[in-house]
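Peer 1: I'm passing along input_18.cif; it holds mmCIF, C-alpha atoms.
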data_query
#
loop_
_atom_site.label_atom_id
_atom_site.label_comp_id
_atom_site.auth_asym_id
_atom_site.auth_seq_id
_atom_site.Cartn_x
_atom_site.Cartn_y
_atom_site.Cartn_z
CA MET A 1 -0.63 16.50 -28.65
CA THR A 2 1.53 16.58 -25.50
CA ALA A 3 3.56 13.44 -24.93
CA ALA A 4 2.57 11.68 -21.72
CA VAL A 5 2.98 8.33 -20.01
CA THR A 6 0.33 6.82 -17.73
CA VAL A 7 1.06 4.08 -15.20
CA ARG A 8 -1.54 2.13 -13.27
CA VAL A 9 -0.47 0.98 -9.80
CA PRO A 10 -2.37 -1.11 -7.22
CA ALA A 11 -3.25 -0.85 -3.56
CA LYS A 12 -2.04 -3.48 -1.12
CA VAL A 13 -3.30 -5.34 1.89
CA ASN A 14 -1.00 -6.88 4.49
CA VAL A 15 -2.05 -10.45 5.21
CA GLN A 16 0.70 -10.55 7.81
CA LEU A 17 2.31 -7.58 9.50
CA ALA A 18 4.65 -8.79 12.25
CA VAL A 19 6.42 -5.89 13.95
CA GLY A 20 9.70 -6.31 15.80
CA PRO A 21 11.10 -4.13 18.58
CA LEU A 22 11.92 -0.47 18.04
CA ARG A 23 15.33 -0.10 16.39
CA PRO A 24 17.89 2.60 17.29
CA ASP A 25 17.14 4.33 13.97
CA GLY A 26 13.47 4.68 14.89
CA PHE A 27 12.25 1.97 12.49
CA HIS A 28 11.08 -1.57 13.19
CA ASP A 29 12.12 -4.82 11.55
CA LEU A 30 9.10 -6.39 9.89
CA ALA A 31 7.85 -9.67 8.51
CA ASN A 32 5.35 -8.25 6.10
CA VAL A 33 3.33 -10.37 3.66
CA PHE A 34 1.90 -8.11 0.98
CA LEU A 35 -0.91 -8.87 -1.45
CA ALA A 36 -1.68 -6.40 -4.23
CA VAL A 37 -5.40 -5.85 -4.83
CA GLY A 38 -7.43 -4.39 -7.67
CA LEU A 39 -7.89 -0.82 -6.47
CA TYR A 40 -5.69 1.48 -8.53
CA ASP A 41 -4.25 4.95 -8.82
CA GLU A 42 -3.22 6.16 -12.27
CA VAL A 43 -0.18 8.42 -12.49
CA THR A 44 0.33 10.43 -15.68
CA VAL A 45 3.60 12.22 -16.36
CA ALA A 46 4.07 14.80 -19.14
CA PRO A 47 6.85 17.27 -20.00
CA ALA A 48 6.51 20.67 -18.34
CA ASP A 49 8.51 23.83 -17.61
CA GLU A 50 8.91 22.82 -13.98
CA LEU A 51 7.92 20.06 -11.57
CA ARG A 52 4.22 20.31 -10.86
CA ILE A 53 1.71 17.91 -9.23
CA THR A 54 -2.06 17.79 -9.54
CA CYS A 55 -4.52 15.27 -8.15
CA SER A 56 -8.13 14.26 -8.76
CA GLY A 57 -10.49 11.68 -7.30
CA PRO A 58 -11.78 10.76 -3.83
CA ASP A 59 -10.01 12.67 -1.02
CA ALA A 60 -7.73 14.44 -3.51
CA GLY A 61 -7.74 17.43 -1.19
CA GLN A 62 -5.75 15.41 1.36
CA VAL A 63 -2.90 14.71 -1.07
CA PRO A 64 0.15 17.01 -0.75
CA LEU A 65 0.94 18.78 -4.02
CA ASP A 66 4.49 19.81 -3.13
CA ARG A 67 7.85 18.06 -3.14
CA THR A 68 6.96 16.00 -0.07
CA ASN A 69 4.69 13.90 -2.30
CA LEU A 70 6.34 10.55 -3.03
CA ALA A 71 5.57 10.97 -6.73
CA ALA A 72 7.55 14.20 -6.81
CA ARG A 73 10.38 12.64 -4.81
CA ALA A 74 10.49 9.72 -7.25
CA ALA A 75 10.81 12.04 -10.24
CA LEU A 76 13.52 14.10 -8.51
CA SER A 77 15.50 11.00 -7.53
CA LEU A 78 15.46 9.43 -10.99
CA ALA A 79 16.32 12.78 -12.62
CA ALA A 80 19.27 13.34 -10.28
CA ARG A 81 20.68 9.89 -11.03
CA HIS A 82 20.52 10.53 -14.78
CA GLY A 83 21.73 14.13 -14.85
CA ARG A 84 18.55 15.86 -15.89
CA GLU A 85 15.91 18.19 -14.51
CA ALA A 86 12.62 16.78 -13.22
CA ASN A 87 10.56 19.15 -15.33
CA VAL A 88 7.32 17.20 -15.52
CA HIS A 89 3.66 17.61 -14.71
CA ILE A 90 2.58 14.65 -12.57
CA HIS A 91 -1.16 14.06 -12.38
CA ILE A 92 -2.46 11.50 -9.88
CA ALA A 93 -5.94 10.09 -10.46
CA LYS A 94 -6.70 8.73 -6.98
CA ASP A 95 -8.85 5.70 -6.32
CA ILE A 96 -6.85 4.15 -3.46
CA PRO A 97 -8.03 5.49 -0.08
CA VAL A 98 -5.80 8.31 1.19
CA ALA A 99 -3.93 7.66 4.48
CA GLY A 100 -5.86 4.42 4.71
CA GLY A 101 -3.17 1.78 5.25
CA MET A 102 -3.31 0.60 1.62
CA ALA A 103 -0.06 2.23 0.41
CA GLY A 104 -1.70 4.83 -1.82
CA GLY A 105 1.16 7.28 -1.43
CA SER A 106 3.69 4.53 -2.04
CA ALA A 107 1.75 3.48 -5.13
CA ASP A 108 2.00 7.01 -6.50
CA GLY A 109 5.75 7.04 -5.91
CA ALA A 110 6.24 3.77 -7.77
CA GLY A 111 3.90 4.90 -10.54
CA ALA A 112 5.69 8.21 -11.06
CA LEU A 113 9.06 6.48 -11.07
CA LEU A 114 8.07 4.02 -13.77
CA ALA A 115 6.31 6.73 -15.79
CA CYS A 116 9.32 9.08 -15.69
CA ASP A 117 11.64 6.24 -16.68
CA ALA A 118 9.44 5.53 -19.72
CA LEU A 119 8.97 9.23 -20.61
CA TRP A 120 12.66 10.09 -20.39
CA GLY A 121 13.95 6.83 -21.83
CA THR A 122 16.44 6.51 -18.99
CA GLY A 123 16.51 2.74 -19.36
CA ALA A 124 16.91 2.19 -15.63
CA SER A 125 17.30 -1.44 -14.65
CA ARG A 126 14.75 -3.15 -12.43
CA GLU A 127 17.40 -3.21 -9.70
CA GLU A 128 17.93 0.56 -9.95
CA LEU A 129 14.19 1.23 -9.84
CA LEU A 130 13.82 -0.98 -6.76
CA GLU A 131 16.76 0.77 -5.11
CA ILE A 132 15.12 4.16 -5.63
CA CYS A 133 11.82 2.73 -4.36
CA ALA A 134 13.51 1.54 -1.15
CA GLU A 135 14.99 5.01 -0.62
CA LEU A 136 11.53 6.55 -1.00
CA GLY A 137 9.74 4.36 1.56
CA SER A 138 9.23 0.91 2.98
CA ASP A 139 6.13 0.03 0.91
CA VAL A 140 7.21 1.57 -2.40
CA PRO A 141 9.17 -1.44 -3.73
CA PHE A 142 6.12 -3.68 -3.40
CA SER A 143 3.97 -1.15 -5.24
CA LEU A 144 6.35 -1.53 -8.18
CA VAL A 145 6.41 -5.35 -8.00
CA GLY A 146 2.80 -6.26 -7.10
CA GLY A 147 1.47 -9.81 -6.86
CA ALA A 148 2.35 -11.23 -3.44
CA ALA A 149 5.62 -10.95 -1.57
CA LEU A 150 7.30 -11.25 1.79
CA GLY A 151 8.94 -8.03 2.90
CA ARG A 152 11.77 -8.09 5.45
CA GLY A 153 13.87 -5.30 6.92
CA ARG A 154 11.54 -2.27 6.98
CA GLY A 155 9.43 -4.15 4.43
CA GLU A 156 11.56 -3.14 1.45
CA LEU A 157 13.52 -6.40 1.06
CA LEU A 158 11.16 -8.47 -1.06
CA THR A 159 10.83 -12.17 -1.80
CA PRO A 160 8.05 -12.95 -4.32
CA LEU A 161 5.43 -15.46 -3.20
CA GLU A 162 3.43 -17.77 -5.43
CA THR A 163 -0.34 -17.36 -5.59
CA GLY A 164 -2.56 -20.16 -6.82
CA GLY A 165 -5.93 -18.47 -7.02
CA THR A 166 -7.97 -15.33 -6.54
CA PHE A 167 -8.68 -13.91 -3.09
CA HIS A 168 -11.81 -11.80 -2.65
CA TRP A 169 -11.79 -8.76 -0.38
CA VAL A 170 -14.10 -6.10 0.96
CA PHE A 171 -12.57 -2.86 2.25
CA ALA A 172 -14.37 -0.45 4.56
CA VAL A 173 -13.06 3.10 4.26
CA ALA A 174 -13.14 5.11 7.48
CA ASP A 175 -13.66 8.83 7.89
CA GLY A 176 -10.28 10.57 7.89
CA GLY A 177 -6.86 8.96 7.94
CA LEU A 178 -4.34 7.68 10.43
CA SER A 179 -0.69 8.67 10.49
CA THR A 180 1.52 5.61 10.03
CA PRO A 181 4.22 6.98 12.38
CA ALA A 182 1.53 7.67 15.01
CA VAL A 183 0.25 4.08 14.77
CA TYR A 184 3.77 2.65 15.18
CA ALA A 185 4.33 4.99 18.14
CA GLU A 186 1.09 3.77 19.70
CA CYS A 187 2.16 0.16 19.09
CA ASP A 188 5.40 0.91 20.96
CA ARG A 189 3.47 2.62 23.76
CA LEU A 190 1.08 -0.31 24.18
CA ARG A 191 3.95 -2.77 24.27
CA GLY A 192 6.25 -0.60 26.38
CA ALA A 193 8.77 0.85 23.95
CA GLY A 194 11.76 -0.54 25.80
CA ALA A 195 10.31 -3.98 26.38
CA SER A 196 12.97 -6.65 26.09
CA ASP A 197 10.58 -9.53 25.45
CA ILE A 198 9.45 -8.41 21.98
CA ALA A 199 10.56 -11.14 19.59
CA ASP A 200 12.15 -10.53 16.23
CA PRO A 201 9.42 -10.77 13.58
CA GLU A 202 9.05 -14.09 11.81
CA PRO A 203 6.96 -14.81 8.71
CA SER A 204 4.11 -17.24 9.13
CA ALA A 205 4.95 -20.68 7.80
CA ALA A 206 1.31 -21.21 6.85
CA LEU A 207 0.78 -18.06 4.77
CA PRO A 208 2.91 -18.92 1.72
CA ALA A 209 1.23 -22.33 1.46
CA ALA A 210 -2.24 -20.75 1.73
CA LEU A 211 -1.40 -18.20 -0.98
CA ALA A 212 0.08 -20.86 -3.26
CA ALA A 213 -2.97 -23.09 -2.83
CA GLY A 214 -5.46 -20.25 -3.34
CA ASP A 215 -7.00 -21.32 -0.03
CA ALA A 216 -8.92 -18.40 1.47
CA VAL A 217 -9.88 -20.32 4.63
CA ALA A 218 -6.25 -21.17 5.36
CA LEU A 219 -5.17 -17.61 4.54
CA ALA A 220 -7.75 -16.23 6.96
CA ALA A 221 -6.55 -18.55 9.72
CA ALA A 222 -2.94 -17.43 9.29
CA ALA A 223 -3.49 -13.68 8.73
CA SER A 224 -2.39 -11.26 11.45
CA ASN A 225 -1.54 -7.59 11.99
CA ASP A 226 0.54 -6.46 14.96
CA LEU A 227 -0.53 -2.84 14.34
CA GLN A 228 -4.25 -3.58 14.69
CA ALA A 229 -4.43 -2.97 18.44
CA ALA A 230 -2.66 0.36 18.03
CA ALA A 231 -4.95 1.48 15.20
CA VAL A 232 -8.04 0.56 17.21
CA SER A 233 -6.60 2.32 20.25
CA LEU A 234 -6.25 5.52 18.25
CA ARG A 235 -9.57 5.04 16.43
CA PRO A 236 -11.88 3.00 18.74
CA SER A 237 -14.74 3.18 16.21
CA LEU A 238 -12.85 0.65 14.06
CA ALA A 239 -13.92 -2.08 16.49
CA ALA A 240 -17.54 -1.68 15.38
CA THR A 241 -16.56 -1.90 11.71
CA LEU A 242 -14.55 -5.07 12.32
CA ALA A 243 -17.46 -6.58 14.25
CA ALA A 244 -19.94 -5.72 11.49
CA GLY A 245 -17.85 -7.44 8.82
CA SER A 246 -17.18 -10.48 10.98
CA GLY A 247 -20.85 -10.80 11.81
CA ALA A 248 -21.70 -10.71 8.10
CA GLY A 249 -19.60 -13.83 7.50
CA ALA A 250 -16.13 -12.58 6.57
CA LEU A 251 -13.45 -15.26 6.94
CA ALA A 252 -11.05 -12.69 8.37
CA ALA A 253 -11.53 -9.13 9.60
CA MET A 254 -8.47 -6.96 10.12
CA VAL A 255 -7.11 -3.47 9.96
CA SER A 256 -5.27 -2.93 6.68
CA GLY A 257 -1.67 -2.02 7.47
CA SER A 258 -1.66 0.96 9.81
CA GLY A 259 -5.33 1.67 9.10
CA PRO A 260 -7.87 3.07 9.34
CA THR A 261 -9.20 1.11 6.34
CA THR A 262 -10.43 -2.31 7.45
CA ALA A 263 -10.09 -5.41 5.29
CA PHE A 264 -12.40 -8.41 5.11
CA LEU A 265 -11.35 -11.62 3.38
CA VAL A 266 -14.34 -13.55 2.03
CA ALA A 267 -14.93 -16.88 0.29
CA GLY A 268 -16.04 -15.53 -3.10
CA PRO A 269 -17.88 -12.82 -5.05
CA GLU A 270 -21.33 -13.57 -3.61
CA GLU A 271 -20.00 -13.46 -0.06
CA ALA A 272 -18.21 -10.21 -0.89
CA GLU A 273 -21.46 -8.53 -1.91
CA LYS A 274 -23.20 -9.76 1.23
CA VAL A 275 -20.47 -8.41 3.52
CA ALA A 276 -20.36 -5.17 1.55
CA ASP A 277 -24.12 -4.66 1.90
CA VAL A 278 -23.95 -5.20 5.66
CA LEU A 279 -21.04 -2.78 6.03
CA ARG A 280 -22.78 -0.12 3.90
CA SER A 281 -25.86 -0.28 6.10
CA SER A 282 -23.93 -0.52 9.39
CA GLY A 283 -23.17 3.17 9.70
CA THR A 284 -19.63 2.31 10.80
CA CYS A 285 -17.72 3.42 7.69
CA ARG A 286 -17.73 6.09 4.98
CA ALA A 287 -17.44 3.87 1.90
CA VAL A 288 -17.11 0.21 0.92
CA ARG A 289 -15.02 -1.25 -1.90
CA VAL A 290 -15.13 -4.78 -3.29
CA THR A 291 -12.15 -6.18 -5.17
CA ALA A 292 -9.79 -9.12 -5.46
CA GLY A 293 -6.11 -10.01 -5.57
CA PRO A 294 -3.43 -10.64 -6.51
CA ALA A 295 -3.03 -7.71 -8.88
CA ALA A 296 -0.09 -6.78 -11.09
CA GLY A 297 2.36 -4.15 -9.89
CA ALA A 298 2.99 -0.78 -11.52
CA THR A 299 2.19 -1.12 -15.23
CA VAL A 300 2.55 1.32 -18.12
CA VAL A 301 -0.90 1.62 -19.70
CA SER A 302 -0.27 4.42 -22.22
CA LEU A 303 2.82 5.78 -23.99
CA PRO A 304 3.41 8.89 -26.12
#
As structure tokens, how would this structure be written, given the file I've shared?

Peer 2:
Amino acid sequence: MTAAVTVRVPAKVNVQLAVGPLRPDGFHDLANVFLAVGLYDEVTVAPADELRITCSGPDAGQVPLDRTNLAARAALSLAARHGREANVHIHIAKDIPVAGGMAGGSADGAGALLACDALWGTGASREELLEICAELGSDVPFSLVGGAALGRGRGELLTPLETGGTFHWVFAVADGGLSTPAVYAECDRLRGAGASDIADPEPSAALPAALAAGDAVALAAAASNDLQAAAVSLRPSLAATLAAGSGAGALAAMVSGSGPTTAFLVAGPEEAEKVADVLRSSGTCRAVRVTAGPAAGATVVSLP
């Protein structure tokens, strides 16, 4: 039997995404409150003659199977640091929407990194893994950590946040994806890229308290996403999805990250099913998923 390691890694929703002005390096400073939710990809890594990637599951055809994939880049980075070849077969079993603003690609990078570390026995410290994650992308460190956290810088500088309960969510999956760089560019265009009155991003004072108390009503009142207007500008049909979920009784209706998945915070499981039923029958989205958070970060679920 071929030795293999499988890691399960969650999706995320941004309950706050405050975007600062455009930086000279082309990025933006963020105040980014992440919450991991119970939609998962599973990344399995096994020894092979060369680096190879396969993918299965919803929208697998949209996932790059070359070295641009964050899972491949994670394996190559860890291998280079430890003086070995990244000769592994990486299989991604997708369940997180692709290009949907839920960090599916970032999840796969974190999952592959943890799986390769376990397979190779590199014994990388948590700090080293997080450093590699930050090099791979802004959302990758949170995919490794999970739970809830405030991200500063590009989102990669994490401070864990306490959660005192379970938050119930409904996600409406749109047809097709949205490019994260295109959404940020549209945000800059709508603001006026050189505008001097764009404030540095600040985390909401109310969000950590709402998370710690497990208070969905307070969380809904404090939630915000500075990229929402840009996502709706690029995909105007999202407005109808947001209206459908709001009309069904969601406490908060927002674009998830850079979209086009939309996220609806609800009071509990019964309310989640009601909102989900309305969204399914609304004709405004391709699929609906019901889940809850917080969820654990990247976790090894099987070893050789």

Peer 1: CA of Ser282 (chain A) and CA of Gly104 (chain A), how far apart in Å?

Peer 2: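 Distance reported for this atom pair: 25.5 Å.
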
Peer 1: If we count only C-alpha atoms, what is near region 67-73 of chain A at a cut-off of 6 Å, once residues fewer than 2 positions away on the same chain are taken out, given as a PyMOL selection string?

Peer 2: chain A and resi 64+75-76+108-109+112

Peer 1: Can you measure CA of Phe27 (chain A) to CA of Leu227 (chain A) for me? One decimal in Å is fine.

Peer 2: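 Taking CA of Phe27 (chain A) as the start and CA of Leu227 (chain A) as the end point, the length is 13.8 Å.
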
Peer 1: What do you get, as a list in words, if you spell out every residue that the PyMOL selection byres ((chain A and resi 129-140) around 7) selects here?

Peer 2: Leu70, Ala103, Ser106, Ala107, Gly109, Ala110, Ala124, Ser125, Arg126, Glu127, Glu128, Pro141, Phe142, Ser143, Leu144, Arg154, Gly155 and Glu156 of chain A

Peer 1: Please save C-alpha atoms of the selected residues as a PDB file, in the frame of the given file.

Peer 2:
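Writing the result to again04.pdb gives the following:
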ATOM      1  CA  LEU A  70       6.340  10.550  -3.030  1.00  0.00           C
ATOM      2  CA  ALA A 103      -0.060   2.230   0.410  1.00  0.00           C
ATOM      3  CA  SER A 106       3.690   4.530  -2.040  1.00  0.00           C
ATOM      4  CA  ALA A 107       1.750   3.480  -5.130  1.00  0.00           C
ATOM      5  CA  GLY A 109       5.750   7.040  -5.910  1.00  0.00           C
ATOM      6  CA  ALA A 110       6.240   3.770  -7.770  1.00  0.00           C
ATOM      7  CA  ALA A 124      16.910   2.190 -15.630  1.00  0.00           C
ATOM      8  CA  SER A 125      17.300  -1.440 -14.650  1.00  0.00           C
ATOM      9  CA  ARG A 126      14.750  -3.150 -12.430  1.00  0.00           C
ATOM     10  CA  GLU A 127      17.400  -3.210  -9.700  1.00  0.00           C
ATOM     11  CA  GLU A 128      17.930   0.560  -9.950  1.00  0.00           C
ATOM     12  CA  PRO A 141       9.170  -1.440  -3.730  1.00  0.00           C
ATOM     13  CA  PHE A 142       6.120  -3.680  -3.400  1.00  0.00           C
ATOM     14  CA  SER A 143       3.970  -1.150  -5.240  1.00  0.00           C
ATOM     15  CA  LEU A 144       6.350  -1.530  -8.180  1.00  0.00           C
ATOM     16  CA  ARG A 154      11.540  -2.270   6.980  1.00  0.00           C
ATOM     17  CA  GLY A 155       9.430  -4.150   4.430  1.00  0.00           C
ATOM     18  CA  GLU A 156      11.560  -3.140   1.450  1.00  0.00           C
TER      19      GLU A 156
END

Peer 1: For Val232 (chain A), please output as a PyMOL selection string all residues within 12 Å (counting all atoms listed in the file; exclusion window: fewer than 3 positions along the same chain).

Peer 2: chain A and resi 174+178+183+186-187+190+225-229+235-242+254-262

Peer 1: Include C-alpha atoms and write out the residues we just selected as an mmCIF file, keeping the file's coordinate frame.

Peer 2:
data_model
loop_
_atom_site.group_PDB
_atom_site.id
_atom_site.type_symbol
_atom_site.label_atom_id
_atom_site.label_comp_id
_atom_site.auth_asym_id
_atom_site.auth_seq_id
_atom_site.Cartn_x
_atom_site.Cartn_y
_atom_site.Cartn_z
ATOM 1 C CA ALA A 174 -13.140 5.110 7.480
ATOM 2 C CA LEU A 178 -4.340 7.680 10.430
ATOM 3 C CA VAL A 183 0.250 4.080 14.770
ATOM 4 C CA GLU A 186 1.090 3.770 19.700
ATOM 5 C CA CYS A 187 2.160 0.160 19.090
ATOM 6 C CA LEU A 190 1.080 -0.310 24.180
ATOM 7 C CA ASN A 225 -1.540 -7.590 11.990
ATOM 8 C CA ASP A 226 0.540 -6.460 14.960
ATOM 9 C CA LEU A 227 -0.530 -2.840 14.340
ATOM 10 C CA GLN A 228 -4.250 -3.580 14.690
ATOM 11 C CA ALA A 229 -4.430 -2.970 18.440
ATOM 12 C CA ARG A 235 -9.570 5.040 16.430
ATOM 13 C CA PRO A 236 -11.880 3.000 18.740
ATOM 14 C CA SER A 237 -14.740 3.180 16.210
ATOM 15 C CA LEU A 238 -12.850 0.650 14.060
ATOM 16 C CA ALA A 239 -13.920 -2.080 16.490
ATOM 17 C CA ALA A 240 -17.540 -1.680 15.380
ATOM 18 C CA THR A 241 -16.560 -1.900 11.710
ATOM 19 C CA LEU A 242 -14.550 -5.070 12.320
ATOM 20 C CA MET A 254 -8.470 -6.960 10.120
ATOM 21 C CA VAL A 255 -7.110 -3.470 9.960
ATOM 22 C CA SER A 256 -5.270 -2.930 6.680
ATOM 23 C CA GLY A 257 -1.670 -2.020 7.470
ATOM 24 C CA SER A 258 -1.660 0.960 9.810
ATOM 25 C CA GLY A 259 -5.330 1.670 9.100
ATOM 26 C CA PRO A 260 -7.870 3.070 9.340
ATOM 27 C CA THR A 261 -9.200 1.110 6.340
ATOM 28 C CA THR A 262 -10.430 -2.310 7.450
#

Peer 1: So how many Å separate CA of Gly61 (chain A) and CA of Pro97 (chain A), to one decimal?

Peer 2: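 That distance, rounded to one decimal, is 12.0 Å.
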
Peer 1: Pick from A:Leu65, A:Val266, A:Leu150, A:Ile90: nearest to Pro203 (chain A), with only C-alpha atoms counted?

Peer 2: A:Leu150

Peer 1: Run the PyMOL selection byres ((chain A and resi 286-297) around 8) on the file and write out the hits as a PyMOL selection string.

Peer 2: chain A and resi 9-10+35-39+142-148+163+166-175+272-273+276+279-280+283-285+298-299

Peer 1: Would you put the residues from that selection into a file with C-alpha atoms, as a PDB file, in the frame of the given file?

Peer 2:
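Ended up saving to out06.pdb:
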ATOM      1  CA  VAL A   9      -0.470   0.980  -9.800  1.00  0.00           C
ATOM      2  CA  PRO A  10      -2.370  -1.110  -7.220  1.00  0.00           C
ATOM      3  CA  LEU A  35      -0.910  -8.870  -1.450  1.00  0.00           C
ATOM      4  CA  ALA A  36      -1.680  -6.400  -4.230  1.00  0.00           C
ATOM      5  CA  VAL A  37      -5.400  -5.850  -4.830  1.00  0.00           C
ATOM      6  CA  GLY A  38      -7.430  -4.390  -7.670  1.00  0.00           C
ATOM      7  CA  LEU A  39      -7.890  -0.820  -6.470  1.00  0.00           C
ATOM      8  CA  PHE A 142       6.120  -3.680  -3.400  1.00  0.00           C
ATOM      9  CA  SER A 143       3.970  -1.150  -5.240  1.00  0.00           C
ATOM     10  CA  LEU A 144       6.350  -1.530  -8.180  1.00  0.00           C
ATOM     11  CA  VAL A 145       6.410  -5.350  -8.000  1.00  0.00           C
ATOM     12  CA  GLY A 146       2.800  -6.260  -7.100  1.00  0.00           C
ATOM     13  CA  GLY A 147       1.470  -9.810  -6.860  1.00  0.00           C
ATOM     14  CA  ALA A 148       2.350 -11.230  -3.440  1.00  0.00           C
ATOM     15  CA  THR A 163      -0.340 -17.360  -5.590  1.00  0.00           C
ATOM     16  CA  THR A 166      -7.970 -15.330  -6.540  1.00  0.00           C
ATOM     17  CA  PHE A 167      -8.680 -13.910  -3.090  1.00  0.00           C
ATOM     18  CA  HIS A 168     -11.810 -11.800  -2.650  1.00  0.00           C
ATOM     19  CA  TRP A 169     -11.790  -8.760  -0.380  1.00  0.00           C
ATOM     20  CA  VAL A 170     -14.100  -6.100   0.960  1.00  0.00           C
ATOM     21  CA  PHE A 171     -12.570  -2.860   2.250  1.00  0.00           C
ATOM     22  CA  ALA A 172     -14.370  -0.450   4.560  1.00  0.00           C
ATOM     23  CA  VAL A 173     -13.060   3.100   4.260  1.00  0.00           C
ATOM     24  CA  ALA A 174     -13.140   5.110   7.480  1.00  0.00           C
ATOM     25  CA  ASP A 175     -13.660   8.830   7.890  1.00  0.00           C
ATOM     26  CA  ALA A 272     -18.210 -10.210  -0.890  1.00  0.00           C
ATOM     27  CA  GLU A 273     -21.460  -8.530  -1.910  1.00  0.00           C
ATOM     28  CA  ALA A 276     -20.360  -5.170   1.550  1.00  0.00           C
ATOM     29  CA  LEU A 279     -21.040  -2.780   6.030  1.00  0.00           C
ATOM     30  CA  ARG A 280     -22.780  -0.120   3.900  1.00  0.00           C
ATOM     31  CA  GLY A 283     -23.170   3.170   9.700  1.00  0.00           C
ATOM     32  CA  THR A 284     -19.630   2.310  10.800  1.00  0.00           C
ATOM     33  CA  CYS A 285     -17.720   3.420   7.690  1.00  0.00           C
ATOM     34  CA  ALA A 298       2.990  -0.780 -11.520  1.00  0.00           C
ATOM     35  CA  THR A 299       2.190  -1.120 -15.230  1.00  0.00           C
TER      36      THR A 299
END

Peer 1: Just give me the residues with any atom within 9 Å of (-9.6, 10.6, -4.1), file coordinates, counting all atoms listed in the file, written as a ChimeraX atom specification.

Peer 2: /A:55-63,93-98

Peer 1: Taking the file above as input, evaluate the PyMOL selection byres ((chain A and resi 79) around 12) and report the hits as a ChimeraX atom specification.

Peer 2: /A:51,72-78,80-88,112-113,116-117,119-122,124,132

Peer 1: Can you work out which one of A:Thr159, A:Thr44, A:Thr54, A:Thr6 has the shortest atom-to-atom distance to Pro208 (chain A), counting all atoms listed in the file?

Peer 2: A:Thr159

Peer 1: Residues at most 12 Å from Ser204 (chain A), counting all atoms listed in the file, excluding those fewer than 4 positions away in the same chain, as a list in words?

Peer 2: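 Result of the neighbour search: Val15, Gln16, Leu17, Ala18, Leu30, Ala31, Asn32, Val33, Leu150, Pro208, Ala209, Ala210, Leu211, Ala218, Leu219, Ala221, Ala222, Ala223, Ser224 and Asn225 of chain A.
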
Peer 1: Compare A:Gly123, A:Gly245, A:Gly105, A:Pro160 by their minimum atom-to-atom distance to Ser281 (chain A), counting only C-alpha atoms, and give me the closest one.

Peer 2: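 Looking only at the distances to Ser281 (chain A), the closest residue turns out to be A:Gly245.
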
Peer 1: Out of A:Glu162, A:Asp41, A:Asp49, A:Asp197, which residue has the shortest atom-to-atom distance to Met102 (chain A) when counting only C-alpha atoms?

Peer 2: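 Checking each of A:Glu162, A:Asp41, A:Asp49, A:Asp197 against Met102 (chain A), counting only C-alpha atoms, the winner is A:Asp41.
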